[in-house]
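Printed here is model_29.cif (mmCIF, C-alpha atoms, pLDDT in the B column; chains and numbers go by the auth columns):
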data_query
loop_
_atom_site.group_PDB
_atom_site.id
_atom_site.type_symbol
_atom_site.label_atom_id
_atom_site.label_comp_id
_atom_site.label_asym_id
_atom_site.label_seq_id
_atom_site.Cartn_x
_atom_site.Cartn_y
_atom_site.Cartn_z
_atom_site.B_iso_or_equiv
_atom_site.auth_seq_id
_atom_site.auth_asym_id
ATOM 1 C CA MET A 1 -13.444 -4.083 14.144 64.00 1 G
ATOM 2 C CA SER A 2 -13.022 -2.954 17.761 75.00 2 G
ATOM 3 C CA GLU A 3 -14.936 -4.557 20.602 80.00 3 G
ATOM 4 C CA LEU A 4 -13.776 -1.888 23.050 88.00 4 G
ATOM 5 C CA GLY A 5 -16.644 0.544 22.521 92.00 5 G
ATOM 6 C CA ARG A 6 -14.145 3.065 21.116 97.00 6 G
ATOM 7 C CA PRO A 7 -11.719 3.287 18.206 98.00 7 G
ATOM 8 C CA LEU A 8 -8.499 1.348 18.474 98.00 8 G
ATOM 9 C CA VAL A 9 -5.633 3.604 19.533 98.00 9 G
ATOM 10 C CA ILE A 10 -2.574 2.833 17.418 98.00 10 G
ATOM 11 C CA ALA A 11 0.845 4.150 18.443 98.00 11 G
ATOM 12 C CA HIS A 12 2.400 5.825 15.387 98.00 12 G
ATOM 13 C CA ARG A 13 5.981 4.571 14.965 98.00 13 G
ATOM 14 C CA GLY A 14 5.593 3.547 18.589 98.00 14 G
ATOM 15 C CA ALA A 15 4.811 6.270 21.118 98.00 15 G
ATOM 16 C CA SER A 16 6.842 8.608 18.928 98.00 16 G
ATOM 17 C CA GLY A 17 5.680 11.815 20.614 98.00 17 G
ATOM 18 C CA LEU A 18 7.556 10.716 23.713 98.00 18 G
ATOM 19 C CA ALA A 19 10.335 8.421 22.475 98.00 19 G
ATOM 20 C CA PRO A 20 12.458 8.114 19.310 98.00 20 G
ATOM 21 C CA GLU A 21 10.255 6.963 16.448 98.00 21 G
ATOM 22 C CA ASN A 22 10.489 3.360 15.280 98.00 22 G
ATOM 23 C CA SER A 23 12.685 2.394 18.222 98.00 23 G
ATOM 24 C CA LEU A 24 12.368 -0.461 20.689 98.00 24 G
ATOM 25 C CA ALA A 25 12.059 2.250 23.346 98.00 25 G
ATOM 26 C CA ALA A 26 9.008 3.728 21.580 98.00 26 G
ATOM 27 C CA PHE A 27 7.441 0.288 21.200 98.00 27 G
ATOM 28 C CA ALA A 28 7.951 -0.551 24.877 98.00 28 G
ATOM 29 C CA LEU A 29 6.452 2.791 25.892 98.00 29 G
ATOM 30 C CA ALA A 30 3.404 2.197 23.677 98.00 30 G
ATOM 31 C CA VAL A 31 2.753 -1.020 25.581 98.00 31 G
ATOM 32 C CA GLU A 32 3.199 0.744 28.918 98.00 32 G
ATOM 33 C CA LEU A 33 0.782 3.525 27.931 98.00 33 G
ATOM 34 C CA GLY A 34 -1.956 1.084 26.969 98.00 34 G
ATOM 35 C CA ALA A 35 -2.039 1.434 23.176 98.00 35 G
ATOM 36 C CA ASP A 36 -3.956 -1.231 21.281 98.00 36 G
ATOM 37 C CA ARG A 37 -1.556 -1.550 18.363 98.00 37 G
ATOM 38 C CA ILE A 38 1.810 -0.270 17.156 98.00 38 G
ATOM 39 C CA GLU A 39 2.407 1.141 13.669 98.00 39 G
ATOM 40 C CA ILE A 40 5.880 0.723 12.171 98.00 40 G
ATOM 41 C CA ASP A 41 7.616 1.442 8.852 98.00 41 G
ATOM 42 C CA VAL A 42 9.711 -1.216 7.125 98.00 42 G
ATOM 43 C CA ARG A 43 12.315 -0.934 4.359 98.00 43 G
ATOM 44 C CA LEU A 44 14.843 -3.328 2.885 98.00 44 G
ATOM 45 C CA ALA A 45 18.540 -2.950 3.600 98.00 45 G
ATOM 46 C CA ARG A 46 20.965 -3.470 0.722 98.00 46 G
ATOM 47 C CA ASP A 47 21.283 -7.155 1.587 98.00 47 G
ATOM 48 C CA GLY A 48 17.524 -7.708 1.778 98.00 48 G
ATOM 49 C CA VAL A 49 17.045 -7.532 5.561 98.00 49 G
ATOM 50 C CA PRO A 50 13.774 -5.762 6.526 98.00 50 G
ATOM 51 C CA VAL A 51 14.612 -2.875 8.872 98.00 51 G
ATOM 52 C CA VAL A 52 12.344 -0.474 10.736 98.00 52 G
ATOM 53 C CA MET A 53 12.860 3.044 9.385 98.00 53 G
ATOM 54 C CA HIS A 54 10.457 5.630 7.994 98.00 54 G
ATOM 55 C CA ASP A 55 12.780 7.774 5.859 98.00 55 G
ATOM 56 C CA ALA A 56 14.676 6.660 2.793 98.00 56 G
ATOM 57 C CA THR A 57 17.853 7.790 4.601 98.00 57 G
ATOM 58 C CA VAL A 58 19.020 7.343 8.180 98.00 58 G
ATOM 59 C CA ASP A 59 20.204 10.953 8.509 98.00 59 G
ATOM 60 C CA ARG A 60 17.249 12.499 10.362 98.00 60 G
ATOM 61 C CA THR A 61 16.743 9.935 13.107 98.00 61 G
ATOM 62 C CA SER A 62 20.156 8.340 13.694 98.00 62 G
ATOM 63 C CA ASP A 63 23.808 9.177 14.203 97.00 63 G
ATOM 64 C CA GLY A 64 24.630 7.865 10.729 98.00 64 G
ATOM 65 C CA GLY A 65 24.127 8.912 7.140 98.00 65 G
ATOM 66 C CA GLY A 66 23.123 7.421 3.814 98.00 66 G
ATOM 67 C CA ARG A 67 20.249 5.634 2.159 98.00 67 G
ATOM 68 C CA VAL A 68 18.854 2.543 3.846 98.00 68 G
ATOM 69 C CA SER A 69 18.919 0.738 0.504 98.00 69 G
ATOM 70 C CA ASP A 70 22.666 1.423 0.164 98.00 70 G
ATOM 71 C CA LEU A 71 23.590 0.073 3.601 98.00 71 G
ATOM 72 C CA THR A 72 23.811 -3.531 4.769 98.00 72 G
ATOM 73 C CA TRP A 73 22.145 -4.740 7.939 98.00 73 G
ATOM 74 C CA ASP A 74 25.588 -5.099 9.520 98.00 74 G
ATOM 75 C CA GLU A 75 26.176 -1.393 8.871 98.00 75 G
ATOM 76 C CA LEU A 76 22.682 -0.341 9.972 98.00 76 G
ATOM 77 C CA ARG A 77 22.768 -2.318 13.214 98.00 77 G
ATOM 78 C CA ARG A 78 25.735 -0.224 14.389 98.00 78 G
ATOM 79 C CA LEU A 79 23.729 3.014 14.240 98.00 79 G
ATOM 80 C CA ARG A 80 22.075 4.614 17.254 98.00 80 G
ATOM 81 C CA LEU A 81 18.762 6.439 17.123 98.00 81 G
ATOM 82 C CA ARG A 82 18.764 9.913 18.652 97.00 82 G
ATOM 83 C CA PRO A 83 17.400 9.884 22.227 97.00 83 G
ATOM 84 C CA LYS A 84 14.588 12.152 23.389 95.00 84 G
ATOM 85 C CA ARG A 85 14.343 11.693 27.148 92.00 85 G
ATOM 86 C CA GLY A 86 17.292 9.648 28.284 92.00 86 G
ATOM 87 C CA GLU A 87 16.047 6.303 26.998 95.00 87 G
ATOM 88 C CA ASP A 88 17.922 3.100 27.737 95.00 88 G
ATOM 89 C CA PRO A 89 20.757 2.981 25.140 95.00 89 G
ATOM 90 C CA ALA A 90 20.074 -0.724 24.680 95.00 90 G
ATOM 91 C CA LEU A 91 16.694 0.217 23.162 96.00 91 G
ATOM 92 C CA LEU A 92 18.080 2.807 20.726 98.00 92 G
ATOM 93 C CA GLY A 93 19.680 0.658 18.075 98.00 93 G
ATOM 94 C CA LEU A 94 18.067 0.805 14.656 98.00 94 G
ATOM 95 C CA PRO A 95 15.873 -2.309 14.833 98.00 95 G
ATOM 96 C CA SER A 96 15.303 -4.967 12.238 98.00 96 G
ATOM 97 C CA LEU A 97 11.760 -6.212 11.712 98.00 97 G
ATOM 98 C CA GLU A 98 12.756 -9.517 13.280 98.00 98 G
ATOM 99 C CA GLN A 99 13.917 -7.755 16.467 98.00 99 G
ATOM 100 C CA THR A 100 10.732 -5.701 16.530 98.00 100 G
ATOM 101 C CA LEU A 101 8.559 -8.803 16.309 98.00 101 G
ATOM 102 C CA GLU A 102 10.391 -10.167 19.345 96.00 102 G
ATOM 103 C CA HIS A 103 9.934 -7.009 21.449 93.00 103 G
ATOM 104 C CA ALA A 104 6.779 -5.141 20.377 91.00 104 G
ATOM 105 C CA ARG A 105 4.283 -7.113 22.558 94.00 105 G
ATOM 106 C CA LEU A 106 1.298 -5.629 20.698 98.00 106 G
ATOM 107 C CA PRO A 107 -0.314 -6.352 17.326 98.00 107 G
ATOM 108 C CA LEU A 108 1.482 -4.485 14.556 98.00 108 G
ATOM 109 C CA CYS A 109 0.481 -2.319 11.622 98.00 109 G
ATOM 110 C CA VAL A 110 3.382 -2.621 9.179 98.00 110 G
ATOM 111 C CA GLU A 111 3.713 0.042 6.501 98.00 111 G
ATOM 112 C CA LEU A 112 5.749 -1.030 3.476 98.00 112 G
ATOM 113 C CA LYS A 113 8.132 1.807 2.555 98.00 113 G
ATOM 114 C CA SER A 114 9.890 2.067 -0.789 93.00 114 G
ATOM 115 C CA GLU A 115 10.442 4.654 -3.508 88.00 115 G
ATOM 116 C CA ARG A 116 9.366 2.084 -6.090 89.00 116 G
ATOM 117 C CA HIS A 117 7.309 -1.077 -6.164 91.00 117 G
ATOM 118 C CA GLU A 118 9.466 -3.697 -4.457 94.00 118 G
ATOM 119 C CA PRO A 119 7.824 -7.168 -4.424 96.00 119 G
ATOM 120 C CA GLU A 120 10.684 -8.587 -2.354 98.00 120 G
ATOM 121 C CA LEU A 121 9.738 -6.308 0.547 98.00 121 G
ATOM 122 C CA ALA A 122 6.233 -7.762 0.747 98.00 122 G
ATOM 123 C CA ARG A 123 7.602 -11.301 0.545 98.00 123 G
ATOM 124 C CA ALA A 124 10.182 -10.711 3.286 98.00 124 G
ATOM 125 C CA VAL A 125 7.691 -9.044 5.651 98.00 125 G
ATOM 126 C CA VAL A 126 5.094 -11.786 5.226 98.00 126 G
ATOM 127 C CA ALA A 127 7.754 -14.477 5.736 98.00 127 G
ATOM 128 C CA LEU A 128 8.897 -12.977 9.054 98.00 128 G
ATOM 129 C CA LEU A 129 5.333 -12.496 10.290 98.00 129 G
ATOM 130 C CA ALA A 130 4.577 -16.113 9.416 98.00 130 G
ATOM 131 C CA GLN A 131 7.744 -17.290 11.159 98.00 131 G
ATOM 132 C CA ALA A 132 6.641 -15.422 14.308 97.00 132 G
ATOM 133 C CA ASN A 133 3.067 -16.757 13.989 97.00 133 G
ATOM 134 C CA LEU A 134 1.748 -13.185 13.743 98.00 134 G
ATOM 135 C CA LEU A 135 0.016 -13.162 10.352 97.00 135 G
ATOM 136 C CA GLU A 136 -3.473 -13.281 11.811 97.00 136 G
ATOM 137 C CA SER A 137 -2.915 -10.366 14.182 98.00 137 G
ATOM 138 C CA ALA A 138 -0.799 -8.081 11.971 98.00 138 G
ATOM 139 C CA TRP A 139 -1.996 -5.576 9.374 98.00 139 G
ATOM 140 C CA ILE A 140 0.148 -4.570 6.403 98.00 140 G
ATOM 141 C CA TRP A 141 -0.346 -1.122 4.846 98.00 141 G
ATOM 142 C CA SER A 142 0.909 0.627 1.730 98.00 142 G
ATOM 143 C CA PHE A 143 0.187 3.617 -0.504 97.00 143 G
ATOM 144 C CA ASP A 144 0.943 1.402 -3.528 97.00 144 G
ATOM 145 C CA TRP A 145 -1.786 -1.057 -4.486 97.00 145 G
ATOM 146 C CA ARG A 146 0.862 -3.230 -6.157 97.00 146 G
ATOM 147 C CA ASP A 147 2.484 -3.781 -2.753 97.00 147 G
ATOM 148 C CA LEU A 148 -0.873 -4.869 -1.353 98.00 148 G
ATOM 149 C CA ALA A 149 -1.380 -7.245 -4.264 98.00 149 G
ATOM 150 C CA ALA A 150 2.074 -8.707 -3.620 98.00 150 G
ATOM 151 C CA VAL A 151 1.198 -9.269 0.049 98.00 151 G
ATOM 152 C CA GLY A 152 -1.917 -11.152 -1.051 98.00 152 G
ATOM 153 C CA GLU A 153 0.190 -13.426 -3.223 98.00 153 G
ATOM 154 C CA HIS A 154 2.056 -14.607 -0.123 98.00 154 G
ATOM 155 C CA SER A 155 -0.755 -14.680 2.440 98.00 155 G
ATOM 156 C CA SER A 156 -4.543 -14.910 2.347 97.00 156 G
ATOM 157 C CA VAL A 157 -4.708 -14.363 6.110 97.00 157 G
ATOM 158 C CA VAL A 158 -3.051 -11.035 6.884 98.00 158 G
ATOM 159 C CA LYS A 159 -5.287 -7.957 6.588 98.00 159 G
ATOM 160 C CA ARG A 160 -4.149 -5.274 4.148 98.00 160 G
ATOM 161 C CA GLY A 161 -4.722 -1.543 4.504 98.00 161 G
ATOM 162 C CA ALA A 162 -4.876 0.933 1.620 97.00 162 G
ATOM 163 C CA LEU A 163 -3.158 4.162 2.698 97.00 163 G
ATOM 164 C CA ALA A 164 -4.301 7.347 0.981 95.00 164 G
ATOM 165 C CA LEU A 165 -4.240 11.093 1.394 94.00 165 G
ATOM 166 C CA ARG A 166 -7.938 11.002 0.522 89.00 166 G
ATOM 167 C CA TRP A 167 -9.929 7.856 -0.192 88.00 167 G
ATOM 168 C CA PRO A 168 -8.151 4.880 -1.775 90.00 168 G
ATOM 169 C CA GLY A 169 -8.778 4.250 -5.459 90.00 169 G
ATOM 170 C CA GLU A 170 -10.517 1.254 -6.980 91.00 170 G
ATOM 171 C CA GLU A 171 -7.310 -0.704 -7.612 94.00 171 G
ATOM 172 C CA ALA A 172 -6.238 -0.350 -3.989 94.00 172 G
ATOM 173 C CA MET A 173 -9.681 -1.333 -2.717 93.00 173 G
ATOM 174 C CA ARG A 174 -9.535 -4.559 -4.695 95.00 174 G
ATOM 175 C CA CYS A 175 -6.337 -5.456 -2.815 97.00 175 G
ATOM 176 C CA ALA A 176 -7.293 -4.332 0.710 97.00 176 G
ATOM 177 C CA GLU A 177 -9.601 -5.008 3.612 97.00 177 G
ATOM 178 C CA LEU A 178 -9.042 -1.707 5.474 96.00 178 G
ATOM 179 C CA LEU A 179 -9.193 1.931 4.379 95.00 179 G
ATOM 180 C CA VAL A 180 -6.504 4.170 5.881 96.00 180 G
ATOM 181 C CA PRO A 181 -7.138 7.836 4.927 95.00 181 G
ATOM 182 C CA PHE A 182 -5.269 10.928 6.115 96.00 182 G
ATOM 183 C CA VAL A 183 -6.833 12.783 9.038 95.00 183 G
ATOM 184 C CA GLY A 184 -7.131 16.106 7.187 92.00 184 G
ATOM 185 C CA HIS A 185 -9.278 14.582 4.455 89.00 185 G
ATOM 186 C CA GLN A 186 -11.362 12.554 6.864 88.00 186 G
ATOM 187 C CA LEU A 187 -12.187 15.609 8.985 88.00 187 G
ATOM 188 C CA LEU A 188 -13.048 17.596 5.870 85.00 188 G
ATOM 189 C CA VAL A 189 -15.486 15.075 4.425 82.00 189 G
ATOM 190 C CA ARG A 190 -16.956 14.279 7.869 74.00 190 G
ATOM 191 C CA GLY A 191 -17.912 10.734 7.074 71.00 191 G
ATOM 192 C CA ARG A 192 -17.550 8.406 4.130 76.00 192 G
ATOM 193 C CA PRO A 193 -19.254 8.188 0.737 74.00 193 G
ATOM 194 C CA ALA A 194 -21.890 5.483 0.330 72.00 194 G
ATOM 195 C CA ARG A 195 -19.547 3.348 -1.766 76.00 195 G
ATOM 196 C CA TYR A 196 -17.255 2.974 1.258 82.00 196 G
ATOM 197 C CA GLU A 197 -19.968 1.961 3.719 86.00 197 G
ATOM 198 C CA GLY A 198 -19.107 -1.229 5.561 88.00 198 G
ATOM 199 C CA TRP A 199 -15.349 -0.792 5.158 93.00 199 G
ATOM 200 C CA PRO A 200 -13.282 -0.519 8.350 95.00 200 G
ATOM 201 C CA VAL A 201 -11.589 2.896 8.488 95.00 201 G
ATOM 202 C CA VAL A 202 -8.367 3.703 10.347 96.00 202 G
ATOM 203 C CA VAL A 203 -7.262 7.366 10.263 96.00 203 G
ATOM 204 C CA TRP A 204 -3.720 8.803 10.489 98.00 204 G
ATOM 205 C CA THR A 205 -2.212 10.832 12.181 98.00 205 G
ATOM 206 C CA VAL A 206 -4.541 11.994 14.991 98.00 206 G
ATOM 207 C CA ASN A 207 -2.753 14.019 17.678 98.00 207 G
ATOM 208 C CA ARG A 208 -5.417 16.405 18.968 97.00 208 G
ATOM 209 C CA LEU A 209 -8.255 15.461 21.274 98.00 209 G
ATOM 210 C CA TRP A 210 -10.892 17.393 19.313 97.00 210 G
ATOM 211 C CA MET A 211 -9.886 15.444 16.211 96.00 211 G
ATOM 212 C CA ALA A 212 -10.176 12.148 18.067 97.00 212 G
ATOM 213 C CA ARG A 213 -13.606 13.064 19.452 97.00 213 G
ATOM 214 C CA ARG A 214 -14.948 14.063 16.049 94.00 214 G
ATOM 215 C CA LEU A 215 -13.590 10.981 14.327 94.00 215 G
ATOM 216 C CA ALA A 216 -14.914 8.691 17.054 95.00 216 G
ATOM 217 C CA ALA A 217 -18.340 10.291 16.584 93.00 217 G
ATOM 218 C CA GLN A 218 -18.077 9.479 12.868 90.00 218 G
ATOM 219 C CA GLY A 219 -17.619 5.837 13.797 91.00 219 G
ATOM 220 C CA VAL A 220 -14.060 5.312 12.580 94.00 220 G
ATOM 221 C CA ASP A 221 -12.480 2.068 13.716 96.00 221 G
ATOM 222 C CA GLY A 222 -8.954 3.193 14.572 97.00 222 G
ATOM 223 C CA LEU A 223 -6.871 6.286 15.297 98.00 223 G
ATOM 224 C CA VAL A 224 -3.133 6.389 14.620 98.00 224 G
ATOM 225 C CA SER A 225 -1.379 8.817 16.962 98.00 225 G
ATOM 226 C CA ASP A 226 2.076 9.949 18.049 98.00 226 G
ATOM 227 C CA TRP A 227 0.524 10.495 21.484 98.00 227 G
ATOM 228 C CA PRO A 228 -1.588 7.423 22.314 98.00 228 G
ATOM 229 C CA ASP A 229 -1.622 8.406 25.990 98.00 229 G
ATOM 230 C CA ARG A 230 -3.491 11.622 25.173 98.00 230 G
ATOM 231 C CA LEU A 231 -6.164 9.874 23.128 98.00 231 G
ATOM 232 C CA LEU A 232 -6.704 7.234 25.785 98.00 232 G
ATOM 233 C CA THR A 233 -7.705 9.920 28.299 98.00 233 G
ATOM 234 C CA LEU A 234 -10.943 10.220 26.301 97.00 234 G
ATOM 235 C CA TRP A 235 -11.869 6.657 27.220 95.00 235 G
ATOM 236 C CA PRO A 236 -10.638 6.050 30.778 86.00 236 G
#
Let me see whether you can do it: turn the structure in this file into structure tokens.
Amino acid sequence: MSELGRPLVIAHRGASGLAPENSLAAFALAVELGADRIEIDVRLARDGVPVVMHDATVDRTSDGGGRVSDLTWDELRRLRLRPKRGEDPALLGLPSLEQTLEHARLPLCVELKSERHEPELARAVVALLAQANLLESAWIWSFDWRDLAAVGEHSSVVKRGALALRWPGEEAMRCAELLVPFVGHQLLVRGRPARYEGWPVVVWTVNRLWMARRLAAQGVDGLVSDWPDRLLTLWP
């Protein structure tokens, strides 16, 4: 999957170790640091607008409160994400997916976030990626195989990733082209079972250099990290 002679380094929620997660500031910093891709989380606002937010609520990362699904985009766009290192205030609004597609400047890994299967989320994300002519470069991930199936109903082009704490199950594998296991499991098994041979593997979340070295030696295809700058020191 990578022609770089190393795993792809994917900035988790942008360069979230250094800048507020899922912010335009974190995405811009990921580009500056030399990451290969940016991973983001997308949820639907109450009025159906896809917004970039990991948690079900805005409480932890913004100056507001409440569930994303209970707030309209007009309400969400007024919120400010909490700064880490004096970031430009203009880059600290809670971004919509559409704004992110305009500013990210790197291929995206879009995780679909919902507390239940939400077919409309897959449809809305695919529609915006198509509108931006980014379907061929983007990857869409989910823990729910039904989300991945819904993505496939709207696009035969975009690559789908099956997120899992261990290895994805059979249903997810039928709906995906990438395996996306958790780092703890991947380090424990030290490889992949024979039935997964030939599948591209992207591991999350890899923040320590010894982890990155070991996983690279296993031949994984991508490493998702809060600190992409640290991982990139392994391959100057």
Query raised in the report: Rounded to one decimal in Å, what is the spacing between atom CA of G:Cys175 and atom CA of G:Ser137?
Result: 18.0 Å
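Residue selection for this entry, given the PyMOL selection byres ((chain G and resi 102-118) around 7), comprises Phe27, Ala28, Val31, Asp36, Arg37, Ile38, Glu39, Ile40, Asp41, Val42, Arg43, Glu98, Gln99, Thr100, Leu101, Pro119, Glu120, Leu121, Ser137, Ala138, Trp139, Ile140, Trp141, Ser142, Arg146 and Asp147 of chain G.
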Report task. Find the distance between atom CA of G:Leu8 and atom CA of G:Ala122 and write it in Å to one decimal. Result -> 24.8 Å
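You can rank G:Leu71, G:Ala194, G:Val189, G:Met173 by their closest distance to G:Val51 using only C-alpha atoms, and at the top of that list sits G:Leu71.
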Go through the shown structure with the PyMOL selection byres ((chain G and resi 93) around 9) and write out the matching residues as a PDB file with C-alpha atoms, keeping the file's coordinate frame.
ATOM      1  CA  SER G  23      12.685   2.394  18.222  1.00 98.00           C
ATOM      2  CA  LEU G  24      12.368  -0.461  20.689  1.00 98.00           C
ATOM      3  CA  SER G  62      20.156   8.340  13.694  1.00 98.00           C
ATOM      4  CA  LEU G  76      22.682  -0.341   9.972  1.00 98.00           C
ATOM      5  CA  ARG G  77      22.768  -2.318  13.214  1.00 98.00           C
ATOM      6  CA  ARG G  78      25.735  -0.224  14.389  1.00 98.00           C
ATOM      7  CA  LEU G  79      23.729   3.014  14.240  1.00 98.00           C
ATOM      8  CA  ARG G  80      22.075   4.614  17.254  1.00 98.00           C
ATOM      9  CA  LEU G  81      18.762   6.439  17.123  1.00 98.00           C
ATOM     10  CA  PRO G  89      20.757   2.981  25.140  1.00 95.00           C
ATOM     11  CA  ALA G  90      20.074  -0.724  24.680  1.00 95.00           C
ATOM     12  CA  LEU G  91      16.694   0.217  23.162  1.00 96.00           C
ATOM     13  CA  LEU G  92      18.080   2.807  20.726  1.00 98.00           C
ATOM     14  CA  LEU G  94      18.067   0.805  14.656  1.00 98.00           C
ATOM     15  CA  PRO G  95      15.873  -2.309  14.833  1.00 98.00           C
TER      16      PRO G  95
END
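You can rank G:Pro193, G:Gly48, G:Pro7, G:Gly161 by their closest distance to G:Val68 using all atoms listed in the file, and at the top of that list sits G:Gly48.
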Per residue of stretch 143-220 of chain G within 8 Å of stretch 228-231 of chain G, record the nearest atom pair and its distance in Å to one decimal, counting only C-alpha atoms, with rows in chain order and ascending residue number, as CSV.
residue,atom,partner,partner_atom,distance
G:Asn207,CA,G:Leu231,CA,7.6
G:Arg208,CA,G:Leu231,CA,7.8
G:Leu209,CA,G:Leu231,CA,6.2
G:Ala212,CA,G:Leu231,CA,6.8
Report summary line: atom CA of G:Leu97 to atom CA of G:Pro50 measures 5.6 Å
Could you give me the axis-aligned bounding box of stretch 122-135 of chain G, with 4 Å of padding per side, as centre plus edge lengths in Å to one decimal, as JSON?
{"center_x": 5.1, "center_y": -12.5, "center_z": 7.4, "size_x": 18.2, "size_y": 17.5, "size_z": 21.8}
As an mmCIF file, in the frame of the given file, could you write out stretch 110-121 of chain G once it has been completed with N, CA and C atoms?
data_model
loop_
_atom_site.group_PDB
_atom_site.id
_atom_site.type_symbol
_atom_site.label_atom_id
_atom_site.label_comp_id
_atom_site.auth_asym_id
_atom_site.auth_seq_id
_atom_site.Cartn_x
_atom_site.Cartn_y
_atom_site.Cartn_z
ATOM 1 N N VAL G 110 2.094 -2.734 9.860
ATOM 2 C CA VAL G 110 3.382 -2.621 9.179
ATOM 3 C C VAL G 110 3.187 -1.878 7.865
ATOM 4 N N GLU G 111 3.774 -0.685 7.763
ATOM 5 C CA GLU G 111 3.713 0.042 6.501
ATOM 6 C C GLU G 111 4.927 -0.315 5.655
ATOM 7 N N LEU G 112 4.680 -0.722 4.417
ATOM 8 C CA LEU G 112 5.749 -1.030 3.476
ATOM 9 C C LEU G 112 6.251 0.275 2.867
ATOM 10 N N LYS G 113 7.544 0.545 3.016
ATOM 11 C CA LYS G 113 8.132 1.807 2.555
ATOM 12 C C LYS G 113 9.145 1.519 1.440
ATOM 13 N N SER G 114 8.957 2.182 0.315
ATOM 14 C CA SER G 114 9.890 2.067 -0.789
ATOM 15 C C SER G 114 9.605 3.187 -1.777
ATOM 16 N N GLU G 115 10.624 3.611 -2.494
ATOM 17 C CA GLU G 115 10.442 4.654 -3.508
ATOM 18 C C GLU G 115 9.984 4.066 -4.835
ATOM 19 N N ARG G 116 9.871 2.762 -4.897
ATOM 20 C CA ARG G 116 9.366 2.084 -6.090
ATOM 21 C C ARG G 116 8.708 0.794 -5.637
ATOM 22 N N HIS G 117 7.911 0.208 -6.505
ATOM 23 C CA HIS G 117 7.309 -1.077 -6.164
ATOM 24 C C HIS G 117 8.403 -2.122 -5.981
ATOM 25 N N GLU G 118 8.391 -2.776 -4.832
ATOM 26 C CA GLU G 118 9.466 -3.697 -4.457
ATOM 27 C C GLU G 118 8.838 -4.999 -3.951
ATOM 28 N N PRO G 119 8.504 -5.929 -4.840
ATOM 29 C CA PRO G 119 7.824 -7.168 -4.424
ATOM 30 C C PRO G 119 8.564 -7.932 -3.346
ATOM 31 N N GLU G 120 9.894 -7.847 -3.338
ATOM 32 C CA GLU G 120 10.684 -8.587 -2.354
ATOM 33 C C GLU G 120 10.406 -8.097 -0.939
ATOM 34 N N LEU G 121 10.053 -6.830 -0.778
ATOM 35 C CA LEU G 121 9.738 -6.308 0.547
ATOM 36 C C LEU G 121 8.493 -6.986 1.099
#
